[in-house]
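**Student:** Shown below is the structure under consideration.
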Amino acid sequence: MKPESESAGVPAVELKGITKRFPGVVANRDVNLRVMPGTVHAVVGENGAGKSTLMKTLYGMHKPDEGTITLNGEQVVLHNPSDAIARGVGMVHQHFMLADNLTVLENIVLGAEPKRWGGFGLNRAAARTRIREIGKQYGLEVDPDVLVENLGVGDRQRVEIIKVLYRGARVLVLDEPTAVLVPQEVDALFEALQVLKAQGLSIIFISHKLDEVRSVADDITVIRRGTTVATADPKTVSSRQLAELMVGSELPSPQTSESTVTDRPVLEMKHVELVKDGRHLLRDVTLTIHAGEVLGLAGVEGNGQAELVESIMGMRTVDGGTITLAAENITTWTTRRRREAGIGYIPEDRHRHGLILDAPLWENRVLGHQTRHPNTSGPLVNRAGARADTERIVGEYDVRTPSIDVLASSLSGGNQQKLIVGREMSGNPKLLIAAHPTRGVDVGAQAAIWDLLRNARAEGLAVLLISADLDELIGLSDSLTVILRGELVAQVDPSTVTPEQLGSAMTGAGEAA
Amino acid sequence: MNKLNADTARRIGLSVAAPVLAVALSVVITSIVLASAGNDPVETFTQMIEYAQEPRTTTLIINAAVTYYFAALAVAFGFRMNLFNIGVDGQYRLAALLAAAVGGAVELPKVLHVGLILLVAVIVGGLWAAVAGLLKVYRGISEVITTIMLNSITTALIAYLLTADKLAVQVEGSNNIGTPEIPASGRVGGIDLVPDSKLQVYGLIVLAAIVGFLYWFVIERSRFGFDLRATGRNEEAAVASGVNVKRMVLISMAISGGIAGLVGMPQLLGASYTYSLDFPAGIGFTGIAIALLGRNTAIGVAIGALLFGFLDTSSQILDLEGVPKEIVLITQGVIVLSVVIAYELVRRYRIVAQQREVGRQLSSAAGSEDSKPQGAQA
Amino acid sequence: MSTTLEETPLEKKAPLLGLSKPWRMALYAFAGLVVLSLIRVITGANDLTSAGTVNAAVMLAVPIGLAGLGGLWSERAGVVNIGLEGMMILGSFGAGWIGWQHGAWAGVLMAIAFGVIGGLVHAVATVTFGVDHVVSGVAINILGLGATQYLAGELLADSPGGGETQSPPNSGLPKPSIPGLSGLLEPLESKHWFLLSDIAGILRGLFTNVSLLTIVAILLVVLTYVLLWQTPFGLRLRSVGEDPHAAESLGVKVRLYKYYAVAVSGGLAGLAGGFLAIVASNLYREGQTGGRGYIGLAAMIFGNWRPGGLMMGAGLFGYTDAMQLRNAVAVHALLLVVFALLLGLTVLNLYRRRWISAGVGLVFAVLSLIWYLNTDELPGPITTMTPYVTTLLVLSLAAQSLRMPKASGQVYRPEGK
C-alpha cells in the first residue's frame, strides 16, 4: 500500500511487536504502529479487532505481555495512566470519563491540580485562567463552573479534549470520537483536530467509519483480529479497499430486498405523551408500524428513543395518548402482559437490560418469557423444557458456546446478542423492538443479525428499529421517522435519503424530506 | 459429558471450599487471639467440643439452631433479591410480643390456638417489614436505613407496650414483667430427639424443616422464585423481562418479615410462654451472619445455624475455665468477614476460569468468530 | 465544535426570595428560632431553649456528629460504612482501657487508633477484596462487639473499680467556659422574654462548660470541609466516590484514596466512641454506644452528605435526645414544634409544587397537632422514638433533594483486571 518514504524525523509514537493476552484470548498480537508528529493517524478495524485494547496499552492502563513502546525516540515502560500523562500521552475515551456531580473545572484539573496555600489548597482561580487560555488557543471554549451533568454530548467531548490538553499532552488518542456525534458535530470536531495538528500535536484517531477516516487522517493503520495487517494512504485508498483489509473478505451491507409491507397495522401509537418533572420526554408521538414493515427511528441519542421504547414495553406509564397492539388497546397493560401479547425486545444495552450475566444460558432463555411454554408450567419453572428450547436456539441461531450451562458473561458480545435475538423471536411475536441490534458485535454476527431481522420482516413481523448507525438504519428500514427532543419531527424515505440529510433532520438543522 | 460431570464436581468443590476455608481461617485467628492472652487454643476448642457432646448441651445447640434458622432464612430471602433486611431483629421482637399478648389473652382448642399465635406472628412481622418495603418502593429510601431506624423504633415501641397498664403483668416472684402466660392449649411440646437428655428439642423444629423446604422450593423451582432471583441479579433486566419490581420488593420484604415473625416462636411456645423483659434480643443480627455463611441456601443456612448454635452454646463452658466466652463472638465475626471474602474470590476465579475455558474451546473450533469474552473488558 | 444539541437544562429550584445560600440558611435558622421561642412562650415549657438543654444537646450531638462525619468521609470516597457502630464500640473500649491508666488524652488517641483499625479491616474487605459494603459493615459490627467484650474480659476484669463489662473511671477532660458570660446571660434567660431570653439561653448553653473534645469535634467538621472541598486531596477523594473510572484514567490512585477515606472514617468513629467514654461519661461500659453509629449515618444522610448539613442533623438528634432527658412538659411541647416544622415543610413543598409531599406533610402536621391538644404528656419510650421517626419522615419527604455520591456502595474493580 504505502511505502515508508515519509518517515523522516523521529516518530511521536512507535509501538513494536505489542502482544496482550487476557484469560482465554489474545487481544493483541504483534501490533506495530508509527505515528509522526503533527499528523492525524487513523487506526481502523472492525468492532472487537483489538483497537481499544491497544490504546489502553498506550495509555498505561495495562502492560503489554510483549513488545515495546517508544515515545519521541525514547523507549518507555508505562505502569499506569499517570506515566502516560507525564510523557504527554492523553486519551479521550469513547465513554466519557467525566464525573457528573463535579464541575467542568474539577473534572479538568483532577489529578493535576494547581496548588495554593503552600501546596495544600486547590487553586481554582489559576485553573480557571488556564482553562480559558486553552479555550482561546485551540478554539475550545466551555464554562468551567457548571456541573458536567448539565452539559450536552458535544460539550462533554470538548471537556474531555481540554482535560487532555490541560495536562500538556502532545499525543492525543481519540477512541471512536464520532460514535456519539451527529454529522454536524463531527465536522466541528474535525475542524478542532486540524487546529491541534497545526500546532504540532499528534492525533491517533480510532474509528471504524471509513469515510470519516479518509477525510481526516494523514495515515491509516488497519487492525484485524488483534494484529496490524496494513498501512494505507488515505489519499489513494478507497473505502472498499479499506473495508476489505479490515474484514479480510467482502464487506456485508444492510440491504433489504423487495418490500413486504402490508396494510395491516400491528403497532399504533396515538398522541402519546410522557412527562417528567414538568418536562416533556415524549410529545404527541403518533406512529404506525404494519405487519412486514421495518420502521427506522433516527435521532441523536437522548432525544426520547429510550423513553419511546420503554413506553411501548410498559416500563414507563404514559401520561397521555393510546398505544394499540394488533387492534387491542394496551396502554395500561403491564410489561409482562404486553410481552405475552407478542412484543419481542432486543434492548439497547444487553448487559443491563437483556441478560443476567452471572446466570447460565438456559436461565437467560427463560428471562422475558417466564410465563410461557416451554419455560414454565403453571407456577413452576419447567427446567427440562427451558433447557431443551435453549438447545434449539443455540443451534438455530448459531450461538457459539460449549454448553447451555455456561454463564452468559463468558460468551462474546455477538453470541450474547444472537441468543437474545433467538429468545425474542420465539413465542411468535407480532412486534419486535430492536434497539441498536448490532452495537458492539463483530462483522460476522452483524451480518447474521441483519439476516434475522430481514427474515422476521418477511415472516410478517412489525419491527421498530433504532440505531445510531445511519447506514444500517437506511439500509434496513421500509420507512424512517426522525425523533428530536421527544417529538417525531420528520418522515423520510430511506430509498432516497443520504446520511447527511438524515443528520440534518436529526439535529433540527434543516429540512430533509 | 464426562467433562461436564468433572465440571460440576469442581463447581461443588469450589462452593464448599469457601465456607470451609473461612471457618478454618477463623479458627486460626481465634487461636492466635487466645494464645496471645495466654490461653491454650487446643485446650479451649477441645473443651467446647467435649461440652457439646453432653446430651443436654447438644439439645441446647439444636434449639438455638432452630431459632437461628428462622432468622437466617428471613435474611436470606431478602438477600436473594438484593434486599438487605437488617430489620429482622425488630420484626421478630414485635411479632413475638404481640403474638404472646394474643396467645395469652384467648382460650382456644390446641391446634387453633397455636395456629392463631403463629399467624399473628407472621402477619405482624410481615407488616412491620412491609413498612420498609413501602418506603423503598414509593419514596426510594434504602431498606438498609429504614430497617435500622425501625429496629430502634421497635425497641421504644416494645418498652411502651410492655408496661403494666398495656400488655404486661408482673411476673410472679420477680421484678420482671411480661405478657400473661400462654395457656397449655397454645404451647408446643418438645421432642425427645437427643438420647439421654433431660431437655427436649423444640417441637417447632418440624416447622423449621417445613419452612426450609418451602424456601428452597419457592426460590429454586417456582416462577416467583425465578423472578425474585432475576431481580436480585439484574434488576433492570428483570424489569425489561416483565417483572413488576415494585411489587416484588413489597412481597419479598413482607415474606422476609413473615419468616422473621417466626424467630421468637420456638422460645415463646416451647419454653417461656410469655414475652418478658428478658426475651432474647439481637438474633436478627446473628441471622445476617448465618445467611451470609450459608450462601442463602436452605441447606447451607441450616449448617450455619448449627455451627453458630454450637459456638454460642458450648462457649458457656469457657467462663468456668477462665476464658471469656465472648471469644466466640470474635470467631463468628471473622467467619462472616472471611466467608464473604472467600466467596468473592471463588466467584471471580470461576468467571475467569469459565471465560478461559469457553475461549479455548471456541478458538479451536471458530471460523470468523470473535471469541473475546465480554466480561474481560468490563 | 458548535453544539447543535442542547439538552434541556435540569429544572432549577428558584432560590427563595432570591437570597444566596448562606443568607437563606441564616434566615431559616432565625425563623426556626422565632417559632421555637413562640412555642416556648405559649406553652411555658422554658426548657425548650434553656442553657441546660442546649448544653446537654451539644453533649449528645457530638458523638452522633463525629460518627456521621466518619460516614461522610467514607461515602464521599464511595464506600458505604455501616460498620461505624462497631468502630465506635472499639473506640469507646480503647478510650476506657487506656484512659484510666494513662490519662484522658491517651485514651482519646487510643480511641482513634482502635477506630482506624476497624476502618482498615473494612477497607481490606471492601476495597481490596470487593466485598459488598453493607455485608462487611455488618461483619465489623459483630466483630467490634465481640472483640471488645472478649478484651474487656481479659483486660478489665481484674482492674480496680472495673469489671468484665466496664472500665475503671478516667480523669476526664477540662470543660472551660467563656469567663463572665454565664453571669451576664443568666439573668436575661431567667426573665423568659420572647426571643431575647431564648438567645441568651442558647448562647449560655453553647459557651459554658464546653469540653475541649467538643471544640476538637467542631474543628474537625470545619477541617473536613476544607480538606474535602478546598484541596486537591479532597477533589481526588470525592472524584473516587463519584466516578472511580474517570479518576483512575487521570492517574488518581483510586484504592489508595479509598483506604485513606475509610481509615479516617474509622478514626472519626473511634473518636466518637472515645467521646462517650471520656466526656459524656468517664468510663467504658458495655453497650455504651447504643446504636449511635447508625444514627450518625442517618444524620449524614439527613445532611445530604455535606458537613454543614450533617451538623444540623446531629444537632437535631442531640436536641430531641436532650429534651427527653430533661423534662416531660418540654417534651410534650415538642409535638407543637414538630407541627410547626411539618407545616413549614408543607408550605415549602407547595411552593415547589410537590403536591404529594405537601399532602403527606400536612397530614402528619395535623396529626401531631391533634396529638398535642389531646394529651398532657408523652410517655418516655415514645420520645425515644422521636429522632428515628423524624429521620424516616425527613427521608420520605425530602428524598428527592438528597444527592449521594454517585458511586457510593459500588464495588470498584480497576480496568483490565
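Note on naming: chains are A, B, ... as they come in the C-alpha cells, residues start from 1 per chain, ligands start from 1 in the order shown.
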Pick out the residues sitting within 12 Å of Asn63 of chain B, and hand them over as number ranges by chain; count only C-alpha atoms, and ignore anything fewer than 2 positions along from it in its own chain.
**Tutor:** B: 56-61, 65-70, 190-191, 193-194, 199-206, 208, 263-267, 270-271, 305-306, 308-310, 312-313
**Student:** Define the interface residues of chain A facing chain B as those within 7 Å, counting only C-alpha atoms, and report them as an MDAnalysis selection string.
**Tutor:** chainID A and resid 23:25 48 315 335:336 352:356 367:368 370 379:381 401:402 409:413 442 444
**Student:** For N, CA, C and O atoms, I'd like the residues from the last selection saved as a compact mmCIF listing (two decimals), in the first residue's frame.
**Tutor:**
```
# COMPACT_ATOMS: atom_id res chain seq x y z
N PRO A 23 -7.34 -13.68 29.90
CA PRO A 23 -7.65 -15.09 30.14
C PRO A 23 -8.41 -15.69 28.96
O PRO A 23 -9.48 -15.22 28.61
N GLY A 24 -7.83 -16.66 28.32
CA GLY A 24 -8.54 -17.37 27.26
C GLY A 24 -8.43 -16.74 25.88
O GLY A 24 -8.79 -17.37 24.89
N VAL A 25 -7.98 -15.49 25.78
CA VAL A 25 -7.90 -14.88 24.45
C VAL A 25 -6.62 -14.05 24.31
O VAL A 25 -6.05 -13.60 25.29
N GLY A 48 -14.21 -5.10 18.04
CA GLY A 48 -13.62 -6.29 18.63
C GLY A 48 -12.31 -6.70 18.00
O GLY A 48 -11.77 -7.75 18.32
N MET A 315 -42.66 -0.22 30.45
CA MET A 315 -41.75 0.03 31.57
C MET A 315 -41.94 1.45 32.09
O MET A 315 -41.47 1.79 33.16
N THR A 335 -45.87 -4.69 31.67
CA THR A 335 -44.84 -5.16 30.74
C THR A 335 -45.04 -6.65 30.42
O THR A 335 -44.96 -7.07 29.27
N ARG A 336 -45.33 -7.42 31.46
CA ARG A 336 -45.46 -8.87 31.24
C ARG A 336 -46.60 -9.17 30.28
O ARG A 336 -46.47 -9.97 29.37
N ARG A 352 -27.17 -4.61 30.54
CA ARG A 352 -28.02 -4.04 31.57
C ARG A 352 -29.46 -4.54 31.47
O ARG A 352 -30.09 -4.82 32.48
N HIS A 353 -29.98 -4.63 30.26
CA HIS A 353 -31.41 -4.90 30.13
C HIS A 353 -31.75 -6.25 29.54
O HIS A 353 -32.89 -6.68 29.58
N GLY A 354 -30.76 -6.91 28.93
CA GLY A 354 -31.11 -8.11 28.18
C GLY A 354 -30.70 -9.41 28.82
O GLY A 354 -31.25 -10.46 28.48
N LEU A 355 -29.73 -9.38 29.70
CA LEU A 355 -29.17 -10.63 30.20
C LEU A 355 -28.94 -10.55 31.70
O LEU A 355 -28.79 -9.48 32.27
N ILE A 356 -28.90 -11.73 32.30
CA ILE A 356 -28.36 -11.83 33.65
C ILE A 356 -26.99 -12.46 33.46
O ILE A 356 -26.88 -13.65 33.16
N LEU A 367 -35.74 -15.72 30.73
CA LEU A 367 -35.94 -14.30 31.03
C LEU A 367 -36.81 -13.63 29.96
O LEU A 367 -36.53 -13.70 28.77
N GLY A 368 -37.85 -12.96 30.42
CA GLY A 368 -38.75 -12.29 29.49
C GLY A 368 -39.85 -13.21 28.99
O GLY A 368 -40.81 -12.78 28.37
N GLN A 370 -41.06 -15.73 31.23
CA GLN A 370 -41.25 -16.51 32.46
C GLN A 370 -42.62 -17.14 32.57
O GLN A 370 -42.83 -18.00 33.41
N PRO A 379 -47.34 -22.43 37.99
CA PRO A 379 -46.50 -21.54 38.78
C PRO A 379 -45.04 -22.02 38.90
O PRO A 379 -44.26 -21.42 39.60
N LEU A 380 -44.71 -23.11 38.22
CA LEU A 380 -43.37 -23.67 38.38
C LEU A 380 -42.53 -23.49 37.12
O LEU A 380 -43.05 -23.43 36.01
N VAL A 381 -41.22 -23.44 37.32
CA VAL A 381 -40.30 -23.38 36.19
C VAL A 381 -40.11 -24.79 35.64
O VAL A 381 -39.90 -25.74 36.40
N THR A 401 -21.22 -21.69 21.73
CA THR A 401 -21.00 -21.93 23.15
C THR A 401 -20.76 -23.40 23.38
O THR A 401 -21.34 -24.24 22.68
N PRO A 402 -19.90 -23.75 24.34
CA PRO A 402 -19.65 -25.16 24.61
C PRO A 402 -20.85 -25.84 25.26
O PRO A 402 -21.02 -27.05 25.14
N SER A 409 -21.97 -14.37 30.87
CA SER A 409 -20.83 -13.45 30.81
C SER A 409 -19.67 -14.04 30.03
O SER A 409 -18.79 -13.31 29.59
N SER A 410 -19.63 -15.37 29.87
CA SER A 410 -18.46 -15.93 29.19
C SER A 410 -18.61 -15.96 27.67
O SER A 410 -17.67 -16.31 26.98
N LEU A 411 -19.79 -15.56 27.16
CA LEU A 411 -19.94 -15.51 25.70
C LEU A 411 -19.45 -14.17 25.16
O LEU A 411 -19.44 -13.17 25.86
N SER A 412 -19.06 -14.16 23.87
CA SER A 412 -18.69 -12.89 23.25
C SER A 412 -19.96 -12.08 22.98
O SER A 412 -21.07 -12.60 23.01
N GLY A 413 -19.77 -10.79 22.74
CA GLY A 413 -20.91 -9.90 22.53
C GLY A 413 -21.83 -10.38 21.42
O GLY A 413 -23.05 -10.37 21.56
N ASP A 442 -19.28 -8.28 16.33
CA ASP A 442 -18.33 -8.36 15.23
C ASP A 442 -19.05 -8.47 13.89
O ASP A 442 -20.27 -8.68 13.84
N GLY A 444 -19.18 -10.64 11.52
CA GLY A 444 -19.88 -11.89 11.20
C GLY A 444 -21.26 -11.92 11.84
O GLY A 444 -22.27 -12.18 11.19
```
**Student:** Using only C-alpha atoms, find each residue of segment 19-100 of chain B with at least one atom at most 10 Å away from an atom of segment 162-175 of chain B; report its shortest atom-to-atom pair and that distance in Å (one decimal), sort the rows by chain and rising residue number, and return the result as JSON lines.
**Tutor:**
```
{"residue": "B:Leu97", "atom": "CA", "partner": "B:Leu162", "partner_atom": "CA", "distance": 8.2}
{"residue": "B:Leu98", "atom": "CA", "partner": "B:Leu167", "partner_atom": "CA", "distance": 8.5}
{"residue": "B:Ala100", "atom": "CA", "partner": "B:Leu167", "partner_atom": "CA", "distance": 9.4}
```
**Student:** For the selection just defined, write its residues with N, CA and C atoms to a file, as a short mmCIF file (atom, residue, chain, number, x, y, z; two decimals), in the first residue's frame.
**Tutor:**
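New file result.cif:
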```cif
data_model
loop_
_atom_site.label_atom_id
_atom_site.label_comp_id
_atom_site.auth_asym_id
_atom_site.auth_seq_id
_atom_site.Cartn_x
_atom_site.Cartn_y
_atom_site.Cartn_z
N LEU B 97 -43.86 -10.27 70.73
CA LEU B 97 -44.61 -9.57 71.78
C LEU B 97 -46.12 -9.63 71.51
N LEU B 98 -46.51 -9.26 70.30
CA LEU B 98 -47.94 -9.21 70.00
C LEU B 98 -48.54 -10.61 69.96
N ALA B 100 -47.51 -13.13 71.66
CA ALA B 100 -47.61 -13.57 73.06
C ALA B 100 -48.82 -12.95 73.72
#
```
**Student:** Please determine the contact residues of chain A with respect to chain C at a cut-off of 8 Å, counting only C-alpha atoms, and supply them as a count of residues only.
**Tutor:** 39
**Student:** For chain B against chain C, which residues fall within 8 Å using only C-alpha atoms, given as a ChimeraX atom specification?
**Tutor:** /B:37,135,139-141,145-146,148-150,152-153,156-157,159-160,289,323-330,332-334,336-337,340-341,344-345,376-378
**Student:** Rounded to one decimal, what separation in Å do you get between atom CA of Leu78 of chain A and atom CA of Val79 of chain C?
**Tutor:**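 Computing the Euclidean distance for atom CA of Leu78 of chain A and atom CA of Val79 of chain C yields 29.0 Å.
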**Student:** Run DSSP on the backbone of this structure and report the residues of segment 20-167 of chain A it assigns to strand (DSSP E or B), as a count of residues only.
**Tutor:** 38
**Student:** Please identify all polymer residues within 9 Å of Ser171 of chain C, counting only C-alpha atoms, omitting same-chain residues fewer than 2 positions from it, and present them as a list in words.
**Tutor:** Gly99, Trp100, Gly103, Ala104, Pro169, Leu173, Ile278 and Asn282 of chain C
**Student:** Quick one: residues within 9 Å of segment 256-268 of chain A, only C-alpha atoms counted, chain neighbours fewer than 3 positions away excluded, as a PyMOL selection string?
**Tutor:** chain A and resi 286-294+322-327+430-431+454+457-462+475-478
